[in-house]
Amino acid sequence: MTKKVTRITLILGALALLSVIGLSGCGSKALKIGASEVPHAEILEFAKPLLEKEGIEIEIIEFSDFVQPNLQLADKQLDANFFQHIPYLEDMAEQRQLEITWVAKIHIEPLGIYSEKISSLSELEDGAQVGIPNDATNGGRALMLLEKAGLLTLEEGTGTSATIGDIVGNPRKLQLRELDAAMLPRVLPDLDLAVINGNFALQAGLSPTEDALFLEGGDSPYANVIAVRKEDKDNPSIQTLIKVLTSDEVRQFIDETYEGGVIPVF
């Protein structure tokens with residue numbers, strides 16, 4: 001009787017252990033991801049059920065600034081973030097000595113020139129007030145766009161590192177005002193022109209394809225990326241996140257939802 005009870009106890013114990021192992025192997029793994037509200041958080045919300053099918057649950061933490069998502073990622077408060085383009089990430093990582101990197105390109109948000117006072121750049125008057133982002137990478141990007149639109153000329157070779165000091169031709173005597181990128185849509189009525197990041201334009205109800213007077217092309221090098229700590233770039237959960245966010249389903253969602261205001265690059 002004792003041997004029989006012992007045998008049953010052992011069998012039940014083994015079954016319980018197998019059950020725990022099975023649940024552990026199939027259970028969802030959680031990722032905490034920092035994101036800008038539009039379009040990044042929206043894309044992640046769409047991807048949630050696709051990720052759940054792959055055994056990954058995500059918690060989306062929304063940010064309205066460009067600094068905290070990287071600091072919190074480096075500080076292990078986040079597992080990944082999705083809000084920035086490569087030049088900004090690389091510049092901040094170097095300046096702050098952050099051990100973070102990008103692992104996948106997802107989309108481009110075309111930078112655009114917007115106005116509530118004119119309907120064409122040909123109407124722009126001399127001495128116009130023009131707002132551009134005040135962070136290094138987006139500021140240089142904005143100046144390059146203004147040059148491409150024929151409004152000013154930059155010193156040759158400055159590229160993405162261009163600053164106002166690199167302007168060598170300003171025939172219309174534009175008055176450039178460097179402001180926080182997130183503020184530009186709100187102060188647009190007070191300016192003649194503003195160069196606005198795609199995500200902030202969308203968040204403010206502006207359509208890049210319909211409202212921008214001049215728009216960055218799809219060949220822009222400023223792809224928005226998934227960023228992680230360098231130690232986690234090969235983490236299986238991160239690789240699953242990449243697989244889902246570069247899927248045909250996500251591509252279709254981006255194309256249909258933003259109609260050219262956000263361009264997939266995978």
# chains A, B, ... in the order shown; residues from 1 in each chain; ligands from 1
>>> closest_atom_pairs(of="range 161-240 of chain A", to="range 138-143 of chain A", cutoff="8 Å", atoms="only C-alpha atoms", output="CSV")
residue,atom,partner,partner_atom,distance
A:Ser161,CA,A:Gly140,CA,5.3
A:Ala162,CA,A:Gly140,CA,4.5
A:Thr163,CA,A:Gly140,CA,5.8
A:Ile164,CA,A:Leu143,CA,7.7
A:Glu178,CA,A:Gly139,CA,7.8
A:Val195,CA,A:Ala142,CA,6.1
>>> closest_atom_pairs(of="range 138-234 of chain A", to="range 52-71 of chain A", cutoff="12 Å", atoms="only C-alpha atoms", output="JSON lines")
{"residue": "A:Asn138", "atom": "CA", "partner": "A:Phe66", "partner_atom": "CA", "distance": 11.0}
{"residue": "A:Asp180", "atom": "CA", "partner": "A:Asp65", "partner_atom": "CA", "distance": 9.2}
{"residue": "A:Ala181", "atom": "CA", "partner": "A:Asp65", "partner_atom": "CA", "distance": 8.8}
{"residue": "A:Ala182", "atom": "CA", "partner": "A:Asp65", "partner_atom": "CA", "distance": 7.3}
{"residue": "A:Met183", "atom": "CA", "partner": "A:Asp65", "partner_atom": "CA", "distance": 10.3}
{"residue": "A:Asn197", "atom": "CA", "partner": "A:Phe66", "partner_atom": "CA", "distance": 11.8}
{"residue": "A:Asn199", "atom": "CA", "partner": "A:Ser64", "partner_atom": "CA", "distance": 10.6}
{"residue": "A:Phe200", "atom": "CA", "partner": "A:Ser64", "partner_atom": "CA", "distance": 9.5}
{"residue": "A:Gln203", "atom": "CA", "partner": "A:Ser64", "partner_atom": "CA", "distance": 10.6}
{"residue": "A:Ile226", "atom": "CA", "partner": "A:Asn70", "partner_atom": "CA", "distance": 11.2}
{"residue": "A:Ala227", "atom": "CA", "partner": "A:Asn70", "partner_atom": "CA", "distance": 8.4}
{"residue": "A:Val228", "atom": "CA", "partner": "A:Asn70", "partner_atom": "CA", "distance": 8.9}
{"residue": "A:Arg229", "atom": "CA", "partner": "A:Asn70", "partner_atom": "CA", "distance": 9.5}
>>> write_last_selection(atoms="N, CA and C atoms", output="JSON list (two decimals), in the first residue's frame")
[["chain", "number", "residue", "atom", "x", "y", "z"],
["A", 138, "ASN", "N", 17.54, 66.79, -36.39],
["A", 138, "ASN", "CA", 16.36, 67.26, -37.11],
["A", 138, "ASN", "C", 16.55, 68.69, -37.61],
["A", 180, "ASP", "N", 11.58, 73.67, -30.11],
["A", 180, "ASP", "CA", 11.38, 72.25, -29.83],
["A", 180, "ASP", "C", 10.48, 71.65, -30.91],
["A", 181, "ALA", "N", 10.88, 70.50, -31.43],
["A", 181, "ALA", "CA", 10.16, 69.88, -32.56],
["A", 181, "ALA", "C", 8.68, 69.67, -32.26],
["A", 182, "ALA", "N", 8.36, 69.27, -31.03],
["A", 182, "ALA", "CA", 6.97, 69.00, -30.67],
["A", 182, "ALA", "C", 6.13, 70.27, -30.61],
["A", 183, "MET", "N", 6.77, 71.43, -30.44],
["A", 183, "MET", "CA", 6.05, 72.70, -30.33],
["A", 183, "MET", "C", 5.67, 73.29, -31.68],
["A", 197, "ASN", "N", 8.27, 67.59, -38.20],
["A", 197, "ASN", "CA", 8.44, 66.13, -38.27],
["A", 197, "ASN", "C", 7.10, 65.46, -38.57],
["A", 199, "ASN", "N", 5.63, 62.72, -37.51],
["A", 199, "ASN", "CA", 4.79, 62.24, -36.41],
["A", 199, "ASN", "C", 4.06, 63.38, -35.72],
["A", 200, "PHE", "N", 4.72, 64.54, -35.57],
["A", 200, "PHE", "CA", 4.08, 65.68, -34.93],
["A", 200, "PHE", "C", 3.03, 66.31, -35.85],
["A", 203, "GLN", "N", 0.02, 64.01, -35.57],
["A", 203, "GLN", "CA", -0.59, 64.18, -34.25],
["A", 203, "GLN", "C", -1.40, 65.48, -34.18],
["A", 226, "ILE", "N", 13.40, 50.44, -34.51],
["A", 226, "ILE", "CA", 13.28, 49.82, -33.21],
["A", 226, "ILE", "C", 14.66, 49.88, -32.56],
["A", 227, "ALA", "N", 14.73, 50.46, -31.35],
["A", 227, "ALA", "CA", 16.00, 50.56, -30.63],
["A", 227, "ALA", "C", 15.97, 49.70, -29.37],
["A", 228, "VAL", "N", 17.11, 49.11, -29.06],
["A", 228, "VAL", "CA", 17.24, 48.26, -27.87],
["A", 228, "VAL", "C", 18.62, 48.50, -27.26],
["A", 229, "ARG", "N", 18.82, 47.94, -26.08],
["A", 229, "ARG", "CA", 20.17, 47.93, -25.53],
["A", 229, "ARG", "C", 21.03, 46.98, -26.36]]
>>> atom_distance(atom1="CA of Gly169 in chain A", atom2="CA of Ala128 in chain A")
15.0 Å
>>> closest_residue(among="A:Ser220, A:Gln175, A:Ser115, A:Thr257", to="Ala201 in chain A", atoms="only C-alpha atoms")
A:Ser115
>>> closest_residue(among="A:Leu245, A:Lys233, A:Gln129, A:Phe83", to="Ala41 in chain A", atoms="only C-alpha atoms")
A:Phe83
>>> closest_residue(among="A:Glu259, A:Glu231, A:Asp219, A:Glu249", to="Ile43 in chain A", atoms="only C-alpha atoms")
A:Glu249
>>> atom_distance(atom1="CA of Leu154 in chain A", atom2="CA of Leu202 in chain A")
28.4 Å
>>> closest_residue(among="A:Met144, A:Val38, A:Leu213, A:Ile33", to="Tyr258 in chain A", atoms="only C-alpha atoms")
A:Val38
>>> closest_residue(among="A:Ile263, A:Leu151, A:Val250, A:Ala74", to="Leu44 in chain A", atoms="only C-alpha atoms")
A:Val250
>>> select_by_dssp(residues="range 17-195 of chain A", states="alpha helix (DSSP H)", output="PDB file with N, CA and C atoms, in the first residue's frame")
ATOM      1  N   LEU A  17       5.130  18.786 -12.550  1.00  0.00           N
ATOM      2  CA  LEU A  17       6.348  19.437 -13.027  1.00  0.00           C
ATOM      3  C   LEU A  17       6.292  19.666 -14.529  1.00  0.00           C
ATOM      4  N   LEU A  18       5.810  18.643 -15.260  1.00  0.00           N
ATOM      5  CA  LEU A  18       5.690  18.780 -16.708  1.00  0.00           C
ATOM      6  C   LEU A  18       4.698  19.885 -17.074  1.00  0.00           C
ATOM      7  N   SER A  19       3.634  19.972 -16.280  1.00  0.00           N
ATOM      8  CA  SER A  19       2.635  21.011 -16.517  1.00  0.00           C
ATOM      9  C   SER A  19       3.234  22.393 -16.358  1.00  0.00           C
ATOM     10  N   VAL A  20       4.032  22.573 -15.290  1.00  0.00           N
ATOM     11  CA  VAL A  20       4.674  23.862 -15.042  1.00  0.00           C
ATOM     12  C   VAL A  20       5.631  24.206 -16.166  1.00  0.00           C
ATOM     13  N   ILE A  21       6.415  23.180 -16.579  1.00  0.00           N
ATOM     14  CA  ILE A  21       7.372  23.403 -17.671  1.00  0.00           C
ATOM     15  C   ILE A  21       6.639  23.780 -18.943  1.00  0.00           C
ATOM     16  N   GLY A  22       5.529  23.087 -19.209  1.00  0.00           N
ATOM     17  CA  GLY A  22       4.755  23.371 -20.409  1.00  0.00           C
ATOM     18  C   GLY A  22       4.198  24.776 -20.402  1.00  0.00           C
ATOM     19  N   LEU A  23       3.670  25.201 -19.274  1.00  0.00           N
ATOM     20  CA  LEU A  23       3.119  26.544 -19.174  1.00  0.00           C
ATOM     21  C   LEU A  23       4.211  27.589 -19.338  1.00  0.00           C
ATOM     22  N   SER A  24       5.377  27.288 -18.746  1.00  0.00           N
ATOM     23  CA  SER A  24       6.493  28.217 -18.850  1.00  0.00           C
ATOM     24  C   SER A  24       6.935  28.379 -20.293  1.00  0.00           C
ATOM     25  N   GLY A  25       6.959  27.247 -21.032  1.00  0.00           N
ATOM     26  CA  GLY A  25       7.411  27.292 -22.412  1.00  0.00           C
ATOM     27  C   GLY A  25       6.434  27.993 -23.329  1.00  0.00           C
ATOM     28  N   CYS A  26       5.120  27.918 -22.999  1.00  0.00           N
ATOM     29  CA  CYS A  26       4.115  28.492 -23.873  1.00  0.00           C
ATOM     30  C   CYS A  26       3.662  29.876 -23.420  1.00  0.00           C
ATOM     31  N   GLU A  42       0.431  53.743 -32.421  1.00  0.00           N
ATOM     32  CA  GLU A  42      -0.680  53.197 -33.206  1.00  0.00           C
ATOM     33  C   GLU A  42      -0.265  51.936 -33.951  1.00  0.00           C
ATOM     34  N   ILE A  43       0.942  51.953 -34.492  1.00  0.00           N
ATOM     35  CA  ILE A  43       1.446  50.764 -35.196  1.00  0.00           C
ATOM     36  C   ILE A  43       1.622  49.613 -34.215  1.00  0.00           C
ATOM     37  N   LEU A  44       2.153  49.916 -33.031  1.00  0.00           N
ATOM     38  CA  LEU A  44       2.334  48.872 -32.017  1.00  0.00           C
ATOM     39  C   LEU A  44       0.991  48.314 -31.547  1.00  0.00           C
ATOM     40  N   GLU A  45      -0.015  49.178 -31.401  1.00  0.00           N
ATOM     41  CA  GLU A  45      -1.349  48.711 -31.000  1.00  0.00           C
ATOM     42  C   GLU A  45      -1.904  47.747 -32.040  1.00  0.00           C
ATOM     43  N   PHE A  46      -1.726  48.070 -33.307  1.00  0.00           N
ATOM     44  CA  PHE A  46      -2.178  47.168 -34.366  1.00  0.00           C
ATOM     45  C   PHE A  46      -1.450  45.832 -34.295  1.00  0.00           C
ATOM     46  N   ALA A  47      -0.158  45.892 -33.960  1.00  0.00           N
ATOM     47  CA  ALA A  47       0.663  44.677 -33.941  1.00  0.00           C
ATOM     48  C   ALA A  47       0.427  43.803 -32.707  1.00  0.00           C
ATOM     49  N   LYS A  48      -0.229  44.341 -31.691  1.00  0.00           N
ATOM     50  CA  LYS A  48      -0.419  43.608 -30.430  1.00  0.00           C
ATOM     51  C   LYS A  48      -0.977  42.203 -30.623  1.00  0.00           C
ATOM     52  N   PRO A  49      -2.124  42.048 -31.296  1.00  0.00           N
ATOM     53  CA  PRO A  49      -2.666  40.686 -31.452  1.00  0.00           C
ATOM     54  C   PRO A  49      -1.772  39.773 -32.280  1.00  0.00           C
ATOM     55  N   LEU A  50      -1.044  40.339 -33.222  1.00  0.00           N
ATOM     56  CA  LEU A  50      -0.108  39.535 -34.019  1.00  0.00           C
ATOM     57  C   LEU A  50       1.030  39.030 -33.129  1.00  0.00           C
ATOM     58  N   LEU A  51       1.482  39.879 -32.224  1.00  0.00           N
ATOM     59  CA  LEU A  51       2.547  39.487 -31.298  1.00  0.00           C
ATOM     60  C   LEU A  51       2.052  38.460 -30.291  1.00  0.00           C
ATOM     61  N   GLU A  52       0.804  38.610 -29.844  1.00  0.00           N
ATOM     62  CA  GLU A  52       0.249  37.651 -28.876  1.00  0.00           C
ATOM     63  C   GLU A  52       0.207  36.250 -29.463  1.00  0.00           C
ATOM     64  N   LYS A  53      -0.053  36.152 -30.763  1.00  0.00           N
ATOM     65  CA  LYS A  53      -0.039  34.840 -31.425  1.00  0.00           C
ATOM     66  C   LYS A  53       1.347  34.217 -31.399  1.00  0.00           C
ATOM     67  N   GLN A  68      13.610  61.159 -23.061  1.00  0.00           N
ATOM     68  CA  GLN A  68      13.344  60.131 -22.059  1.00  0.00           C
ATOM     69  C   GLN A  68      13.280  58.697 -22.609  1.00  0.00           C
ATOM     70  N   PRO A  69      12.721  58.463 -23.792  1.00  0.00           N
ATOM     71  CA  PRO A  69      12.666  57.077 -24.266  1.00  0.00           C
ATOM     72  C   PRO A  69      14.035  56.398 -24.364  1.00  0.00           C
ATOM     73  N   ASN A  70      15.055  57.169 -24.746  1.00  0.00           N
ATOM     74  CA  ASN A  70      16.398  56.586 -24.832  1.00  0.00           C
ATOM     75  C   ASN A  70      17.041  56.450 -23.456  1.00  0.00           C
ATOM     76  N   LEU A  71      16.834  57.450 -22.605  1.00  0.00           N
ATOM     77  CA  LEU A  71      17.401  57.372 -21.260  1.00  0.00           C
ATOM     78  C   LEU A  71      16.789  56.196 -20.491  1.00  0.00           C
ATOM     79  N   GLN A  72      15.482  56.029 -20.596  1.00  0.00           N
ATOM     80  CA  GLN A  72      14.825  54.941 -19.879  1.00  0.00           C
ATOM     81  C   GLN A  72      15.162  53.576 -20.475  1.00  0.00           C
ATOM     82  N   LEU A  73      15.409  53.536 -21.777  1.00  0.00           N
ATOM     83  CA  LEU A  73      15.858  52.281 -22.395  1.00  0.00           C
ATOM     84  C   LEU A  73      17.225  51.896 -21.846  1.00  0.00           C
ATOM     85  N   ALA A  74      18.134  52.846 -21.838  1.00  0.00           N
ATOM     86  CA  ALA A  74      19.488  52.576 -21.338  1.00  0.00           C
ATOM     87  C   ALA A  74      19.467  52.201 -19.860  1.00  0.00           C
ATOM     88  N   ILE A  86      17.494  57.034 -37.343  1.00  0.00           N
ATOM     89  CA  ILE A  86      18.855  56.571 -37.068  1.00  0.00           C
ATOM     90  C   ILE A  86      19.823  57.707 -36.715  1.00  0.00           C
ATOM     91  N   PRO A  87      19.874  58.818 -37.475  1.00  0.00           N
ATOM     92  CA  PRO A  87      20.822  59.875 -37.105  1.00  0.00           C
ATOM     93  C   PRO A  87      20.600  60.408 -35.692  1.00  0.00           C
ATOM     94  N   TYR A  88      19.336  60.553 -35.287  1.00  0.00           N
ATOM     95  CA  TYR A  88      19.070  61.050 -33.935  1.00  0.00           C
ATOM     96  C   TYR A  88      19.554  60.051 -32.895  1.00  0.00           C
ATOM     97  N   LEU A  89      19.249  58.779 -33.107  1.00  0.00           N
ATOM     98  CA  LEU A  89      19.674  57.733 -32.173  1.00  0.00           C
ATOM     99  C   LEU A  89      21.193  57.714 -32.028  1.00  0.00           C
ATOM    100  N   GLU A  90      21.889  57.726 -33.144  1.00  0.00           N
ATOM    101  CA  GLU A  90      23.346  57.637 -33.105  1.00  0.00           C
ATOM    102  C   GLU A  90      23.958  58.875 -32.446  1.00  0.00           C
ATOM    103  N   ASP A  91      23.389  60.048 -32.725  1.00  0.00           N
ATOM    104  CA  ASP A  91      23.902  61.280 -32.121  1.00  0.00           C
ATOM    105  C   ASP A  91      23.692  61.270 -30.606  1.00  0.00           C
ATOM    106  N   MET A  92      22.490  60.894 -30.159  1.00  0.00           N
ATOM    107  CA  MET A  92      22.221  60.906 -28.724  1.00  0.00           C
ATOM    108  C   MET A  92      23.032  59.843 -27.997  1.00  0.00           C
ATOM    109  N   ALA A  93      23.157  58.661 -28.611  1.00  0.00           N
ATOM    110  CA  ALA A  93      23.932  57.589 -27.988  1.00  0.00           C
ATOM    111  C   ALA A  93      25.378  58.012 -27.797  1.00  0.00           C
ATOM    112  N   GLU A  94      25.919  58.742 -28.781  1.00  0.00           N
ATOM    113  CA  GLU A  94      27.306  59.210 -28.672  1.00  0.00           C
ATOM    114  C   GLU A  94      27.426  60.314 -27.624  1.00  0.00           C
ATOM    115  N   GLN A  95      26.512  61.278 -27.660  1.00  0.00           N
ATOM    116  CA  GLN A  95      26.586  62.412 -26.749  1.00  0.00           C
ATOM    117  C   GLN A  95      26.394  61.986 -25.286  1.00  0.00           C
ATOM    118  N   ARG A  96      25.497  61.021 -25.052  1.00  0.00           N
ATOM    119  CA  ARG A  96      25.167  60.604 -23.680  1.00  0.00           C
ATOM    120  C   ARG A  96      25.863  59.305 -23.271  1.00  0.00           C
ATOM    121  N   ALA A 136      19.883  68.730 -32.899  1.00  0.00           N
ATOM    122  CA  ALA A 136      20.940  68.746 -33.919  1.00  0.00           C
ATOM    123  C   ALA A 136      20.565  68.011 -35.202  1.00  0.00           C
ATOM    124  N   THR A 137      20.078  66.774 -35.081  1.00  0.00           N
ATOM    125  CA  THR A 137      19.845  65.988 -36.286  1.00  0.00           C
ATOM    126  C   THR A 137      18.636  66.479 -37.067  1.00  0.00           C
ATOM    127  N   ASN A 138      17.541  66.790 -36.387  1.00  0.00           N
ATOM    128  CA  ASN A 138      16.359  67.262 -37.106  1.00  0.00           C
ATOM    129  C   ASN A 138      16.545  68.688 -37.612  1.00  0.00           C
ATOM    130  N   GLY A 139      17.366  69.475 -36.902  1.00  0.00           N
ATOM    131  CA  GLY A 139      17.665  70.809 -37.384  1.00  0.00           C
ATOM    132  C   GLY A 139      18.410  70.769 -38.706  1.00  0.00           C
ATOM    133  N   GLY A 140      19.437  69.934 -38.783  1.00  0.00           N
ATOM    134  CA  GLY A 140      20.177  69.777 -40.028  1.00  0.00           C
ATOM    135  C   GLY A 140      19.306  69.225 -41.143  1.00  0.00           C
ATOM    136  N   ARG A 141      18.452  68.296 -40.791  1.00  0.00           N
ATOM    137  CA  ARG A 141      17.518  67.703 -41.764  1.00  0.00           C
ATOM    138  C   ARG A 141      16.574  68.772 -42.317  1.00  0.00           C
ATOM    139  N   ALA A 142      16.081  69.650 -41.422  1.00  0.00           N
ATOM    140  CA  ALA A 142      15.171  70.720 -41.847  1.00  0.00           C
ATOM    141  C   ALA A 142      15.872  71.701 -42.785  1.00  0.00           C
ATOM    142  N   LEU A 143      17.113  72.037 -42.463  1.00  0.00           N
ATOM    143  CA  LEU A 143      17.863  72.954 -43.325  1.00  0.00           C
ATOM    144  C   LEU A 143      18.100  72.343 -44.705  1.00  0.00           C
ATOM    145  N   MET A 144      18.371  71.049 -44.736  1.00  0.00           N
ATOM    146  CA  MET A 144      18.548  70.367 -46.021  1.00  0.00           C
ATOM    147  C   MET A 144      17.263  70.408 -46.841  1.00  0.00           C
ATOM    148  N   LEU A 145      16.105  70.275 -46.166  1.00  0.00           N
ATOM    149  CA  LEU A 145      14.826  70.319 -46.873  1.00  0.00           C
ATOM    150  C   LEU A 145      14.558  71.721 -47.412  1.00  0.00           C
ATOM    151  N   LEU A 146      14.872  72.743 -46.615  1.00  0.00           N
ATOM    152  CA  LEU A 146      14.702  74.120 -47.079  1.00  0.00           C
ATOM    153  C   LEU A 146      15.600  74.397 -48.286  1.00  0.00           C
ATOM    154  N   GLU A 147      16.805  73.819 -48.263  1.00  0.00           N
ATOM    155  CA  GLU A 147      17.698  73.972 -49.410  1.00  0.00           C
ATOM    156  C   GLU A 147      17.123  73.267 -50.631  1.00  0.00           C
ATOM    157  N   LYS A 148      16.601  72.067 -50.435  1.00  0.00           N
ATOM    158  CA  LYS A 148      16.016  71.306 -51.542  1.00  0.00           C
ATOM    159  C   LYS A 148      14.813  72.036 -52.136  1.00  0.00           C
ATOM    160  N   LEU A 184       6.370  72.897 -32.730  1.00  0.00           N
ATOM    161  CA  LEU A 184       6.213  73.561 -34.021  1.00  0.00           C
ATOM    162  C   LEU A 184       4.776  73.567 -34.551  1.00  0.00           C
ATOM    163  N   PRO A 185       4.016  72.455 -34.458  1.00  0.00           N
ATOM    164  CA  PRO A 185       2.623  72.540 -34.931  1.00  0.00           C
ATOM    165  C   PRO A 185       1.800  73.552 -34.146  1.00  0.00           C
ATOM    166  N   ARG A 186       2.078  73.695 -32.852  1.00  0.00           N
ATOM    167  CA  ARG A 186       1.290  74.601 -32.015  1.00  0.00           C
ATOM    168  C   ARG A 186       1.587  76.071 -32.319  1.00  0.00           C
ATOM    169  N   VAL A 187       2.820  76.371 -32.730  1.00  0.00           N
ATOM    170  CA  VAL A 187       3.174  77.769 -33.023  1.00  0.00           C
ATOM    171  C   VAL A 187       3.090  78.078 -34.518  1.00  0.00           C
TER     172      VAL A 187
END
>>> closest_residue(among="A:Gly198, A:Thr240, A:Gly150, A:Ala35", to="Ser122 in chain A", atoms="only C-alpha atoms")
A:Gly150
>>> decode(residues="range 54-139 of chain A", atoms="C-alpha atoms", output="PDB file, in the first residue's frame")
ATOM      1  CA  GLU A  54       3.748  34.606 -31.248  1.00  0.00           C
ATOM      2  CA  GLY A  55       3.705  34.473 -27.438  1.00  0.00           C
ATOM      3  CA  ILE A  56       4.775  38.087 -26.894  1.00  0.00           C
ATOM      4  CA  GLU A  57       2.801  40.596 -24.858  1.00  0.00           C
ATOM      5  CA  ILE A  58       3.743  44.265 -25.058  1.00  0.00           C
ATOM      6  CA  GLU A  59       3.110  47.253 -22.826  1.00  0.00           C
ATOM      7  CA  ILE A  60       3.228  50.518 -24.743  1.00  0.00           C
ATOM      8  CA  ILE A  61       4.522  53.552 -22.833  1.00  0.00           C
ATOM      9  CA  GLU A  62       3.794  56.798 -24.688  1.00  0.00           C
ATOM     10  CA  PHE A  63       6.225  59.722 -24.650  1.00  0.00           C
ATOM     11  CA  SER A  64       5.880  63.263 -25.953  1.00  0.00           C
ATOM     12  CA  ASP A  65       9.596  64.080 -25.972  1.00  0.00           C
ATOM     13  CA  PHE A  66      12.694  62.764 -27.740  1.00  0.00           C
ATOM     14  CA  VAL A  67      14.954  62.325 -24.701  1.00  0.00           C
ATOM     15  CA  GLN A  68      13.344  60.131 -22.059  1.00  0.00           C
ATOM     16  CA  PRO A  69      12.666  57.077 -24.266  1.00  0.00           C
ATOM     17  CA  ASN A  70      16.398  56.586 -24.832  1.00  0.00           C
ATOM     18  CA  LEU A  71      17.401  57.372 -21.260  1.00  0.00           C
ATOM     19  CA  GLN A  72      14.825  54.941 -19.879  1.00  0.00           C
ATOM     20  CA  LEU A  73      15.858  52.281 -22.395  1.00  0.00           C
ATOM     21  CA  ALA A  74      19.488  52.576 -21.338  1.00  0.00           C
ATOM     22  CA  ASP A  75      18.389  52.519 -17.687  1.00  0.00           C
ATOM     23  CA  LYS A  76      16.435  49.254 -18.259  1.00  0.00           C
ATOM     24  CA  GLN A  77      13.078  50.836 -17.539  1.00  0.00           C
ATOM     25  CA  LEU A  78      12.126  49.911 -21.116  1.00  0.00           C
ATOM     26  CA  ASP A  79      12.970  46.847 -23.206  1.00  0.00           C
ATOM     27  CA  ALA A  80      12.828  48.713 -26.517  1.00  0.00           C
ATOM     28  CA  ASN A  81      11.672  51.985 -27.997  1.00  0.00           C
ATOM     29  CA  PHE A  82      10.134  53.046 -31.288  1.00  0.00           C
ATOM     30  CA  PHE A  83      10.060  56.793 -31.940  1.00  0.00           C
ATOM     31  CA  GLN A  84      13.263  57.983 -33.622  1.00  0.00           C
ATOM     32  CA  HIS A  85      15.315  57.898 -36.793  1.00  0.00           C
ATOM     33  CA  ILE A  86      18.855  56.571 -37.068  1.00  0.00           C
ATOM     34  CA  PRO A  87      20.822  59.875 -37.105  1.00  0.00           C
ATOM     35  CA  TYR A  88      19.070  61.050 -33.935  1.00  0.00           C
ATOM     36  CA  LEU A  89      19.674  57.733 -32.173  1.00  0.00           C
ATOM     37  CA  GLU A  90      23.346  57.637 -33.105  1.00  0.00           C
ATOM     38  CA  ASP A  91      23.902  61.280 -32.121  1.00  0.00           C
ATOM     39  CA  MET A  92      22.221  60.906 -28.724  1.00  0.00           C
ATOM     40  CA  ALA A  93      23.932  57.589 -27.988  1.00  0.00           C
ATOM     41  CA  GLU A  94      27.306  59.210 -28.672  1.00  0.00           C
ATOM     42  CA  GLN A  95      26.586  62.412 -26.749  1.00  0.00           C
ATOM     43  CA  ARG A  96      25.167  60.604 -23.680  1.00  0.00           C
ATOM     44  CA  GLN A  97      27.359  57.488 -23.952  1.00  0.00           C
ATOM     45  CA  LEU A  98      24.340  55.178 -24.084  1.00  0.00           C
ATOM     46  CA  GLU A  99      24.796  51.490 -24.896  1.00  0.00           C
ATOM     47  CA  ILE A 100      21.815  51.350 -27.239  1.00  0.00           C
ATOM     48  CA  THR A 101      21.468  50.545 -30.926  1.00  0.00           C
ATOM     49  CA  TRP A 102      18.837  50.055 -33.636  1.00  0.00           C
ATOM     50  CA  VAL A 103      17.796  46.605 -34.812  1.00  0.00           C
ATOM     51  CA  ALA A 104      15.198  47.187 -37.553  1.00  0.00           C
ATOM     52  CA  LYS A 105      14.069  49.933 -39.919  1.00  0.00           C
ATOM     53  CA  ILE A 106      10.275  50.263 -39.955  1.00  0.00           C
ATOM     54  CA  HIS A 107       9.184  53.443 -41.730  1.00  0.00           C
ATOM     55  CA  ILE A 108       9.978  56.974 -42.811  1.00  0.00           C
ATOM     56  CA  GLU A 109       7.899  59.952 -41.679  1.00  0.00           C
ATOM     57  CA  PRO A 110       8.541  62.555 -44.354  1.00  0.00           C
ATOM     58  CA  LEU A 111       9.596  65.933 -42.990  1.00  0.00           C
ATOM     59  CA  GLY A 112       7.399  68.664 -44.422  1.00  0.00           C
ATOM     60  CA  ILE A 113       7.215  72.428 -44.835  1.00  0.00           C
ATOM     61  CA  TYR A 114       3.843  73.721 -43.599  1.00  0.00           C
ATOM     62  CA  SER A 115       2.087  77.079 -43.422  1.00  0.00           C
ATOM     63  CA  GLU A 116      -1.268  78.520 -42.394  1.00  0.00           C
ATOM     64  CA  LYS A 117      -0.570  81.821 -44.137  1.00  0.00           C
ATOM     65  CA  ILE A 118       0.369  80.831 -47.683  1.00  0.00           C
ATOM     66  CA  SER A 119      -0.707  78.062 -50.042  1.00  0.00           C
ATOM     67  CA  SER A 120       2.476  77.938 -52.124  1.00  0.00           C
ATOM     68  CA  LEU A 121       6.160  78.620 -51.512  1.00  0.00           C
ATOM     69  CA  SER A 122       6.040  81.121 -54.382  1.00  0.00           C
ATOM     70  CA  GLU A 123       3.898  83.360 -52.125  1.00  0.00           C
ATOM     71  CA  LEU A 124       6.564  83.535 -49.419  1.00  0.00           C
ATOM     72  CA  GLU A 125       7.687  87.090 -48.706  1.00  0.00           C
ATOM     73  CA  ASP A 126      11.203  88.248 -47.884  1.00  0.00           C
ATOM     74  CA  GLY A 127      12.017  88.219 -44.178  1.00  0.00           C
ATOM     75  CA  ALA A 128       9.530  85.431 -43.433  1.00  0.00           C
ATOM     76  CA  GLN A 129       9.612  83.754 -40.007  1.00  0.00           C
ATOM     77  CA  VAL A 130      10.534  80.063 -40.424  1.00  0.00           C
ATOM     78  CA  GLY A 131      10.492  77.551 -37.572  1.00  0.00           C
ATOM     79  CA  ILE A 132      12.797  74.523 -37.556  1.00  0.00           C
ATOM     80  CA  PRO A 133      13.492  71.832 -34.913  1.00  0.00           C
ATOM     81  CA  ASN A 134      16.173  72.808 -32.392  1.00  0.00           C
ATOM     82  CA  ASP A 135      17.766  69.358 -31.949  1.00  0.00           C
ATOM     83  CA  ALA A 136      20.940  68.746 -33.919  1.00  0.00           C
ATOM     84  CA  THR A 137      19.845  65.988 -36.286  1.00  0.00           C
ATOM     85  CA  ASN A 138      16.359  67.262 -37.106  1.00  0.00           C
ATOM     86  CA  GLY A 139      17.665  70.809 -37.384  1.00  0.00           C
TER      87      GLY A 139
END
